[in-house]
Amino acid sequence: MRWTRSLITTLRDDPQEAEIASHKLMLRAGMLRKVGGGLYSFTPLGLRALRKVEKIVREEMDAAGALEILLPALQPIELWETSGRASQMGASMFRLKDRADRTMVLGPTHEEVVTDYMLHEINSYRQLPVIVYQIQTKFRDEIRPRFGLMRAKEFIMKDAYSFDTSLDAADASYKAMYDAYVRIFRRCGLEAHPVEADTGTIGGNHSHEFMVLAPSGEDGILHCAKCGYSANQERAERRTAGSRYTTKAGSPEEVATPGAHSVDEAAASMGVPSTQIVKSLVYLADGKPVLAIVEGNTEVNECKLRRFLGCSILVPADIETAEKAVGAPFGSIGPVGVKIPVYADIGLKGARDVCVGANKDGFHLRHVSIEDDIKAEWADIATVVEGDSCPHCGEPLSIERGIEVGHVFKLGTKYTEKFKATYLDDKGVPQTLVMGCYGIGVTRTVQAVVEQSHDDDGIIWPASVAPYHVDLLLLDPNSPEVVKAAEELESALEAQGIDVLLDDRAERPGVKFKDADLIGFPFRVVAGAKALAKGCFEVRARGDKESALMPVGDTAAWISARIKEKLAGA
RNA sequence: CGGGGAGUAGCGCAGUCUGGUAGCGCGUUUGGUUCGGGACCAAAAGGUCGCGGGUUCGAAUCCCACCUCCCCGACCA
């Protein structure tokens, strides 16, 4: 491909809209163009990288025995009513009406459609297990699209679904997908770490996310250097010795704390550390009020609380609802004597001398014992932070930021029960299918590669996802000898399956060098009259400081060997 | 949805306070000189100043409403 025919336009300045490196670089390198908030066009250059990631995903899915299918993005709402997710996905699902006034949905994911498909397709245990996958556009009406492809309203996802006869059998499918994911991300040149994760609105009982470590990542990941425990902050657990206020100091007594509503205000007003204050928060679990209590210096983790309660929607109660549920003014709510269920974080275990809201404006209670004075159920519901103890080995946990590029779920029978998707076992008895689902954000993966692999000059593509492997830079586009030698090299490389971009622009060398670094070709070959007079090209790998002179006749073989090494070794 | 910021040429920005019909750099086109890390000279194309009202002799600029984009947040009491 010739540069002058390729529609590649690079930008010298960072577009004002972009915040993080990968987003800036993809715009500057001319891979993406913005259409609107969370909506992007792929240019020919950008699409080449996207297609390469897709190709790797396809190869590994096929190798793992999954079958490629294609499901409609436009779906009838009825399927979502069957699963019960029509309300649960709520505002994040695009809805529209067709001409007959039927409500349709632009699929944010495809559990419903694929379960409906399998319900009709699978009759016998002899057909199982089966894994299907597709690479397709998903639509989500994100609260706030962000960072280019990282969180977009329309994006490309690989989604796979497994169907098995039993939970044990489903474990094998899960492992096959998990292992395929490890290979996919490695081949994309990504360092992606599997971590234990929350299942969110997808549901199920067990899941791992594949996280690319990057400071711009939207998720916190707790990691134990000693035993290897890794988990998303949404789900991470901790080991705790319980409260440090274990000595009973008397019976609960009211203390006037005028104007003190927050934990810090209450602590200051009563002259105690914030850890001795108990924070009380009212939530609505599927509409039912509950009270969650944690130590004053920790946060309630809504994902963990939701999972503990087994409810599908958990939201903080608004002021009015909270006051009505507890019968106390907002800002003084506490767990003593309330009529709604109370869930106490395990960090409060053994607490016999703590302070809580008195359910009376301007007052707190001190000398409260959780076990003696409150009817509460113990639960692990606090957000784990850096320095907390590993739940397995007790070592301090570290925290890093991560980009979620993949997520694998054990779903069990959550969807197949709702859809009555059954098969006949070897005794002719109907059984419910056991399901798993597995997603990779393909467009997000492309950007994650850039986020993880760049320098001040531009992108550093791994050979496996580079839009072109080689930038063949014509230093003297007007010299017939130089052009001829370059064209011969291009043909020789292309015959080896190497993607070459011939920079035939009438630009000064500096411009071409800068663009080569910005776009980030793994290799750059300079074809110029001076070197050619010595029978050589100049060859340089992206990131190397110096170029090497290489005899014209050896160049194609050397480069294609290097690239094939990288592709095989990745 | 709440808070903050911003919409002026393809990209980055000035001009807005103090109204007088639009400018700079990069990029693009043409010609010339250059030619190893984003050259120089000359000429040129390109903008209903986000949209709609209003005030005014006159609005990018003042007033009112709206739209869009970016950032922070998600009722942690």
# chains A, B, ... in the order shown; residues from 1 in each chain; ligands from 1
$ closest_atom_pairs --of "chain B" --to "chain A" --cutoff "8 Å" --atoms "only C-alpha atoms (C1' of nucleotides)" --output "CSV"
residue,atom,partner,partner_atom,distance
B:C11,C1',A:Leu11,CA,6.7
B:G12,C1',A:Asp13,CA,6.2
B:C26,C1',A:Arg12,CA,7.5
B:C35,C1',A:Arg508,CA,5.9
B:G36,C1',A:Pro509,CA,6.1
B:G37,C1',A:Gly510,CA,4.3
B:G38,C1',A:Val511,CA,4.9
B:C69,C1',A:Gly37,CA,7.1
B:C70,C1',A:Glu17,CA,6.0
B:C75,C1',A:Asp318,CA,6.2
B:C76,C1',A:Glu299,CA,6.4
B:A77,C1',A:Gly331,CA,4.8
$ write_last_selection --atoms "N, CA, C and O atoms (P, O5', C5', C4', C3', O3' and C1' of nucleotides)" --output "compact mmCIF listing (two decimals), in the first residue's frame"
# COMPACT_ATOMS: atom_id res chain seq x y z
P C B 11 -11.51 20.14 13.29
O5' C B 11 -9.99 20.11 13.74
C5' C B 11 -9.35 18.89 14.10
C4' C B 11 -7.95 19.15 14.58
C3' C B 11 -7.82 20.21 15.67
O3' C B 11 -8.11 19.70 16.95
C1' C B 11 -6.24 20.66 13.99
P G B 12 -8.69 20.68 18.05
O5' G B 12 -7.43 21.58 18.42
C5' G B 12 -6.28 21.01 19.01
C4' G B 12 -5.24 22.07 19.24
C3' G B 12 -5.73 23.31 19.97
O3' G B 12 -5.80 23.11 21.37
C1' G B 12 -4.48 23.97 18.10
P C B 26 3.12 28.24 10.43
O5' C B 26 2.46 26.82 10.70
C5' C B 26 3.13 25.83 11.46
C4' C B 26 2.22 24.65 11.71
C3' C B 26 1.73 23.92 10.46
O3' C B 26 2.70 23.03 9.92
C1' C B 26 -0.07 24.25 11.92
P C B 35 19.80 20.95 0.17
O5' C B 35 19.05 19.86 1.06
C5' C B 35 18.60 20.19 2.37
C4' C B 35 17.59 19.16 2.80
C3' C B 35 18.10 17.74 2.66
O3' C B 35 17.72 16.99 3.78
C1' C B 35 16.08 17.99 1.44
P G B 36 18.90 16.47 4.78
O5' G B 36 18.04 15.24 5.35
C5' G B 36 16.98 15.49 6.25
C4' G B 36 17.19 14.62 7.47
C3' G B 36 18.52 14.85 8.17
O3' G B 36 18.38 14.61 9.55
C1' G B 36 18.43 12.64 7.38
P G B 37 17.64 15.64 10.47
O5' G B 37 16.16 15.06 10.27
C5' G B 37 15.04 15.93 10.12
C4' G B 37 14.13 15.76 11.30
C3' G B 37 14.70 16.25 12.63
O3' G B 37 13.63 16.76 13.41
C1' G B 37 14.17 13.98 12.81
P G B 38 13.26 18.32 13.01
O5' G B 38 12.19 18.10 11.89
C5' G B 38 11.01 17.41 12.19
C4' G B 38 9.93 17.89 11.27
C3' G B 38 9.59 19.38 11.43
O3' G B 38 9.10 19.82 10.18
C1' G B 38 7.72 18.05 12.02
P C B 69 -22.83 15.18 22.93
O5' C B 69 -21.37 15.74 23.16
C5' C B 69 -20.40 15.63 22.13
C4' C B 69 -19.17 16.42 22.51
C3' C B 69 -18.52 16.02 23.83
O3' C B 69 -17.71 14.88 23.70
C1' C B 69 -18.69 18.37 23.71
P C B 70 -17.51 13.95 24.98
O5' C B 70 -16.48 14.79 25.85
C5' C B 70 -15.14 14.96 25.43
C4' C B 70 -14.41 15.85 26.40
C3' C B 70 -14.45 15.38 27.85
O3' C B 70 -13.50 14.37 28.12
C1' C B 70 -14.96 17.67 27.77
P C B 75 -25.25 7.47 44.91
O5' C B 75 -25.33 7.99 46.42
C5' C B 75 -24.43 8.99 46.89
C4' C B 75 -25.22 10.25 47.20
C3' C B 75 -25.70 10.31 48.65
O3' C B 75 -25.09 11.40 49.33
C1' C B 75 -27.41 10.93 47.07
P C B 76 -23.59 11.26 49.83
O5' C B 76 -23.44 9.80 50.48
C5' C B 76 -23.86 9.53 51.79
C4' C B 76 -22.68 9.03 52.61
C3' C B 76 -21.37 9.76 52.28
O3' C B 76 -20.87 10.56 53.34
C1' C B 76 -21.15 7.36 52.01
P A B 77 -20.68 10.11 54.78
O5' A B 77 -21.25 11.47 55.43
C5' A B 77 -22.00 11.39 56.60
C4' A B 77 -23.32 12.07 56.32
C3' A B 77 -24.31 12.11 57.48
O3' A B 77 -23.98 13.11 58.42
C1' A B 77 -25.43 11.53 55.52
$ select_by_dssp --residues "segment 470-554 of chain A" --states "helix (DSSP H, G or I)" --output "PyMOL selection string"
chain A and resi 480-495+509-519+529-533+552-554
$ residues_around --residues "C64 of chain B" --least-positions-apart "6" --cutoff "12 Å" --atoms "only C-alpha atoms (C1' of nucleotides)" --output "PDB file with C-alpha atoms (C1' of nucleotides), in the first residue's frame"
ATOM      1  C1'   G B  52     -32.835  30.285  17.903  1.00  0.00           C
ATOM      2  C1'   G B  53     -34.702  34.646  19.749  1.00  0.00           C
ATOM      3  C1'   G B  54     -33.890  39.648  21.834  1.00  0.00           C
ATOM      4  C1'   U B  55     -31.328  44.624  22.696  1.00  0.00           C
TER       5        U B  55
END
$ residues_around --residues "Leu567 of chain A" --least-positions-apart "6" --cutoff "10 Å" --atoms "only C-alpha atoms (C1' of nucleotides)" --output "PyMOL selection string"
chain A and resi 187-189+462-465+561
$ residues_around --residues "Leu7 of chain A" --least-positions-apart "4" --cutoff "8 Å" --atoms "only C-alpha atoms (C1' of nucleotides)" --output "list in words"
Trp3, Thr43 and Pro44 of chain A
$ write_last_selection --atoms "C-alpha atoms" --output "PDB file, in the first residue's frame"
ATOM      1  CA  TRP A   3       0.883   6.196   1.711  1.00  0.00           C
ATOM      2  CA  THR A  43     -10.210   4.990   9.483  1.00  0.00           C
ATOM      3  CA  PRO A  44      -8.621   2.463   7.104  1.00  0.00           C
TER       4      PRO A  44
END
$ residues_around --residues "segment 248-256 of chain A" --least-positions-apart "5" --cutoff "6 Å" --atoms "only C-alpha atoms (C1' of nucleotides)" --output "ChimeraX atom specification"
/A:352-353,362-368
$ residues_around --residues "G32 of chain B" --least-positions-apart "6" --cutoff "12 Å" --atoms "only C-alpha atoms (C1' of nucleotides)" --output "ChimeraX atom specification"
/B:40-43
$ atom_distance --atom1 "atom CA of Glu237 of chain A" --atom2 "atom CA of Ala266 of chain A"
27.9 Å
$ atom_distance --atom1 "atom C1' of C67 of chain B" --atom2 "atom C1' of C51 of chain B"
6.6 Å
$ decode --residues "segment 57-74 of chain B" --atoms "N, CA and C atoms (P, O5', C5', C4', C3', O3' and C1' of nucleotides)" --output "PDB file, in the first residue's frame"
ATOM      1  P     C B  57     -31.313  51.916  17.627  1.00  0.00           P
ATOM      2  O5'   C B  57     -30.554  51.644  16.269  1.00  0.00           O
ATOM      3  C5'   C B  57     -31.235  51.787  15.026  1.00  0.00           C
ATOM      4  C4'   C B  57     -30.254  51.617  13.893  1.00  0.00           C
ATOM      5  C3'   C B  57     -29.403  50.351  13.978  1.00  0.00           C
ATOM      6  O3'   C B  57     -30.077  49.224  13.443  1.00  0.00           O
ATOM      7  C1'   C B  57     -28.010  52.210  13.547  1.00  0.00           C
ATOM      8  P     G B  58     -29.993  47.821  14.210  1.00  0.00           P
ATOM      9  O5'   G B  58     -28.445  47.463  14.063  1.00  0.00           O
ATOM     10  C5'   G B  58     -27.913  47.107  12.786  1.00  0.00           C
ATOM     11  C4'   G B  58     -26.417  46.988  12.862  1.00  0.00           C
ATOM     12  C3'   G B  58     -25.887  45.974  13.866  1.00  0.00           C
ATOM     13  O3'   G B  58     -25.913  44.665  13.340  1.00  0.00           O
ATOM     14  C1'   G B  58     -24.687  47.994  14.074  1.00  0.00           C
ATOM     15  P     A B  59     -26.176  43.385  14.332  1.00  0.00           P
ATOM     16  O5'   A B  59     -24.907  43.396  15.297  1.00  0.00           O
ATOM     17  C5'   A B  59     -23.587  43.190  14.793  1.00  0.00           C
ATOM     18  C4'   A B  59     -22.850  42.194  15.663  1.00  0.00           C
ATOM     19  C3'   A B  59     -23.454  40.796  15.651  1.00  0.00           C
ATOM     20  O3'   A B  59     -22.411  39.853  15.899  1.00  0.00           O
ATOM     21  C1'   A B  59     -23.588  41.650  17.812  1.00  0.00           C
ATOM     22  P     A B  60     -21.519  39.280  14.723  1.00  0.00           P
ATOM     23  O5'   A B  60     -20.672  38.117  15.408  1.00  0.00           O
ATOM     24  C5'   A B  60     -21.313  36.935  15.854  1.00  0.00           C
ATOM     25  C4'   A B  60     -20.526  36.294  16.950  1.00  0.00           C
ATOM     26  C3'   A B  60     -20.573  37.040  18.280  1.00  0.00           C
ATOM     27  O3'   A B  60     -21.679  36.645  19.048  1.00  0.00           O
ATOM     28  C1'   A B  60     -18.330  36.516  17.717  1.00  0.00           C
ATOM     29  P     U B  61     -22.456  37.658  19.951  1.00  0.00           P
ATOM     30  O5'   U B  61     -21.329  38.310  20.861  1.00  0.00           O
ATOM     31  C5'   U B  61     -20.670  37.544  21.872  1.00  0.00           C
ATOM     32  C4'   U B  61     -19.634  38.407  22.546  1.00  0.00           C
ATOM     33  C3'   U B  61     -20.214  39.587  23.312  1.00  0.00           C
ATOM     34  O3'   U B  61     -19.527  39.772  24.533  1.00  0.00           O
ATOM     35  C1'   U B  61     -18.704  40.348  21.656  1.00  0.00           C
ATOM     36  P     C B  62     -20.150  39.104  25.823  1.00  0.00           P
ATOM     37  O5'   C B  62     -21.406  40.042  26.089  1.00  0.00           O
ATOM     38  C5'   C B  62     -21.285  41.249  26.840  1.00  0.00           C
ATOM     39  C4'   C B  62     -22.636  41.864  27.048  1.00  0.00           C
ATOM     40  C3'   C B  62     -23.763  40.874  27.335  1.00  0.00           C
ATOM     41  O3'   C B  62     -23.806  40.494  28.699  1.00  0.00           O
ATOM     42  C1'   C B  62     -24.461  42.383  25.670  1.00  0.00           C
ATOM     43  P     C B  63     -24.374  39.046  29.112  1.00  0.00           P
ATOM     44  O5'   C B  63     -25.933  39.214  28.906  1.00  0.00           O
ATOM     45  C5'   C B  63     -26.700  40.092  29.722  1.00  0.00           C
ATOM     46  C4'   C B  63     -28.164  39.974  29.364  1.00  0.00           C
ATOM     47  C3'   C B  63     -28.688  38.547  29.329  1.00  0.00           C
ATOM     48  O3'   C B  63     -29.052  38.085  30.616  1.00  0.00           O
ATOM     49  C1'   C B  63     -29.349  39.678  27.363  1.00  0.00           C
ATOM     50  P     C B  64     -28.982  36.477  30.924  1.00  0.00           P
ATOM     51  O5'   C B  64     -30.247  35.924  30.134  1.00  0.00           O
ATOM     52  C5'   C B  64     -31.563  36.339  30.469  1.00  0.00           C
ATOM     53  C4'   C B  64     -32.567  35.674  29.566  1.00  0.00           C
ATOM     54  C3'   C B  64     -32.395  34.172  29.407  1.00  0.00           C
ATOM     55  O3'   C B  64     -32.959  33.452  30.489  1.00  0.00           O
ATOM     56  C1'   C B  64     -32.728  35.151  27.281  1.00  0.00           C
ATOM     57  P     A B  65     -32.387  31.988  30.805  1.00  0.00           P
ATOM     58  O5'   A B  65     -32.910  31.174  29.541  1.00  0.00           O
ATOM     59  C5'   A B  65     -34.072  30.358  29.632  1.00  0.00           C
ATOM     60  C4'   A B  65     -34.443  29.856  28.264  1.00  0.00           C
ATOM     61  C3'   A B  65     -33.717  28.596  27.813  1.00  0.00           C
ATOM     62  O3'   A B  65     -34.252  27.430  28.379  1.00  0.00           O
ATOM     63  C1'   A B  65     -33.664  30.183  26.079  1.00  0.00           C
ATOM     64  P     C B  66     -33.236  26.306  28.875  1.00  0.00           P
ATOM     65  O5'   C B  66     -32.838  25.600  27.513  1.00  0.00           O
ATOM     66  C5'   C B  66     -33.850  25.015  26.703  1.00  0.00           C
ATOM     67  C4'   C B  66     -33.357  24.828  25.290  1.00  0.00           C
ATOM     68  C3'   C B  66     -32.197  23.849  25.119  1.00  0.00           C
ATOM     69  O3'   C B  66     -32.607  22.503  25.165  1.00  0.00           O
ATOM     70  C1'   C B  66     -31.786  25.785  23.843  1.00  0.00           C
ATOM     71  P     C B  67     -31.617  21.406  25.732  1.00  0.00           P
ATOM     72  O5'   C B  67     -30.624  21.203  24.506  1.00  0.00           O
ATOM     73  C5'   C B  67     -31.114  20.809  23.237  1.00  0.00           C
ATOM     74  C4'   C B  67     -30.006  20.827  22.222  1.00  0.00           C
ATOM     75  C3'   C B  67     -28.741  20.068  22.623  1.00  0.00           C
ATOM     76  O3'   C B  67     -28.869  18.680  22.418  1.00  0.00           O
ATOM     77  C1'   C B  67     -28.151  22.173  21.764  1.00  0.00           C
ATOM     78  P     U B  68     -28.061  17.662  23.362  1.00  0.00           P
ATOM     79  O5'   U B  68     -26.580  17.839  22.831  1.00  0.00           O
ATOM     80  C5'   U B  68     -26.244  17.540  21.487  1.00  0.00           C
ATOM     81  C4'   U B  68     -24.844  17.995  21.190  1.00  0.00           C
ATOM     82  C3'   U B  68     -23.769  17.458  22.122  1.00  0.00           C
ATOM     83  O3'   U B  68     -23.376  16.145  21.782  1.00  0.00           O
ATOM     84  C1'   U B  68     -23.449  19.781  21.814  1.00  0.00           C
ATOM     85  P     C B  69     -22.830  15.183  22.927  1.00  0.00           P
ATOM     86  O5'   C B  69     -21.369  15.738  23.159  1.00  0.00           O
ATOM     87  C5'   C B  69     -20.397  15.634  22.132  1.00  0.00           C
ATOM     88  C4'   C B  69     -19.166  16.416  22.509  1.00  0.00           C
ATOM     89  C3'   C B  69     -18.524  16.022  23.832  1.00  0.00           C
ATOM     90  O3'   C B  69     -17.712  14.878  23.703  1.00  0.00           O
ATOM     91  C1'   C B  69     -18.687  18.369  23.714  1.00  0.00           C
ATOM     92  P     C B  70     -17.506  13.946  24.983  1.00  0.00           P
ATOM     93  O5'   C B  70     -16.477  14.786  25.852  1.00  0.00           O
ATOM     94  C5'   C B  70     -15.138  14.964  25.425  1.00  0.00           C
ATOM     95  C4'   C B  70     -14.410  15.849  26.404  1.00  0.00           C
ATOM     96  C3'   C B  70     -14.450  15.378  27.852  1.00  0.00           C
ATOM     97  O3'   C B  70     -13.505  14.370  28.123  1.00  0.00           O
ATOM     98  C1'   C B  70     -14.959  17.673  27.768  1.00  0.00           C
ATOM     99  P     C B  71     -13.826  13.319  29.284  1.00  0.00           P
ATOM    100  O5'   C B  71     -13.527  14.171  30.594  1.00  0.00           O
ATOM    101  C5'   C B  71     -12.206  14.598  30.921  1.00  0.00           C
ATOM    102  C4'   C B  71     -12.253  15.482  32.146  1.00  0.00           C
ATOM    103  C3'   C B  71     -12.894  14.853  33.379  1.00  0.00           C
ATOM    104  O3'   C B  71     -12.029  13.998  34.083  1.00  0.00           O
ATOM    105  C1'   C B  71     -13.778  17.001  33.065  1.00  0.00           C
ATOM    106  P     C B  72     -12.651  12.659  34.746  1.00  0.00           P
ATOM    107  O5'   C B  72     -13.032  13.078  36.224  1.00  0.00           O
ATOM    108  C5'   C B  72     -12.365  14.099  36.951  1.00  0.00           C
ATOM    109  C4'   C B  72     -13.240  14.605  38.066  1.00  0.00           C
ATOM    110  C3'   C B  72     -14.222  13.605  38.671  1.00  0.00           C
ATOM    111  O3'   C B  72     -13.632  12.736  39.609  1.00  0.00           O
ATOM    112  C1'   C B  72     -15.339  15.641  38.262  1.00  0.00           C
ATOM    113  P     G B  73     -14.266  11.291  39.859  1.00  0.00           P
ATOM    114  O5'   G B  73     -15.704  11.620  40.458  1.00  0.00           O
ATOM    115  C5'   G B  73     -15.822  12.074  41.782  1.00  0.00           C
ATOM    116  C4'   G B  73     -17.235  12.469  42.088  1.00  0.00           C
ATOM    117  C3'   G B  73     -18.259  11.341  42.128  1.00  0.00           C
ATOM    118  O3'   G B  73     -18.222  10.662  43.362  1.00  0.00           O
ATOM    119  C1'   G B  73     -19.142  13.188  40.934  1.00  0.00           C
ATOM    120  P     A B  74     -18.537   9.084  43.397  1.00  0.00           P
ATOM    121  O5'   A B  74     -20.122   9.073  43.268  1.00  0.00           O
ATOM    122  C5'   A B  74     -20.910   9.539  44.339  1.00  0.00           C
ATOM    123  C4'   A B  74     -22.330   9.668  43.891  1.00  0.00           C
ATOM    124  C3'   A B  74     -23.077   8.335  43.819  1.00  0.00           C
ATOM    125  O3'   A B  74     -24.439   8.550  44.159  1.00  0.00           O
ATOM    126  C1'   A B  74     -23.049   9.321  41.699  1.00  0.00           C
TER     127        A B  74
END
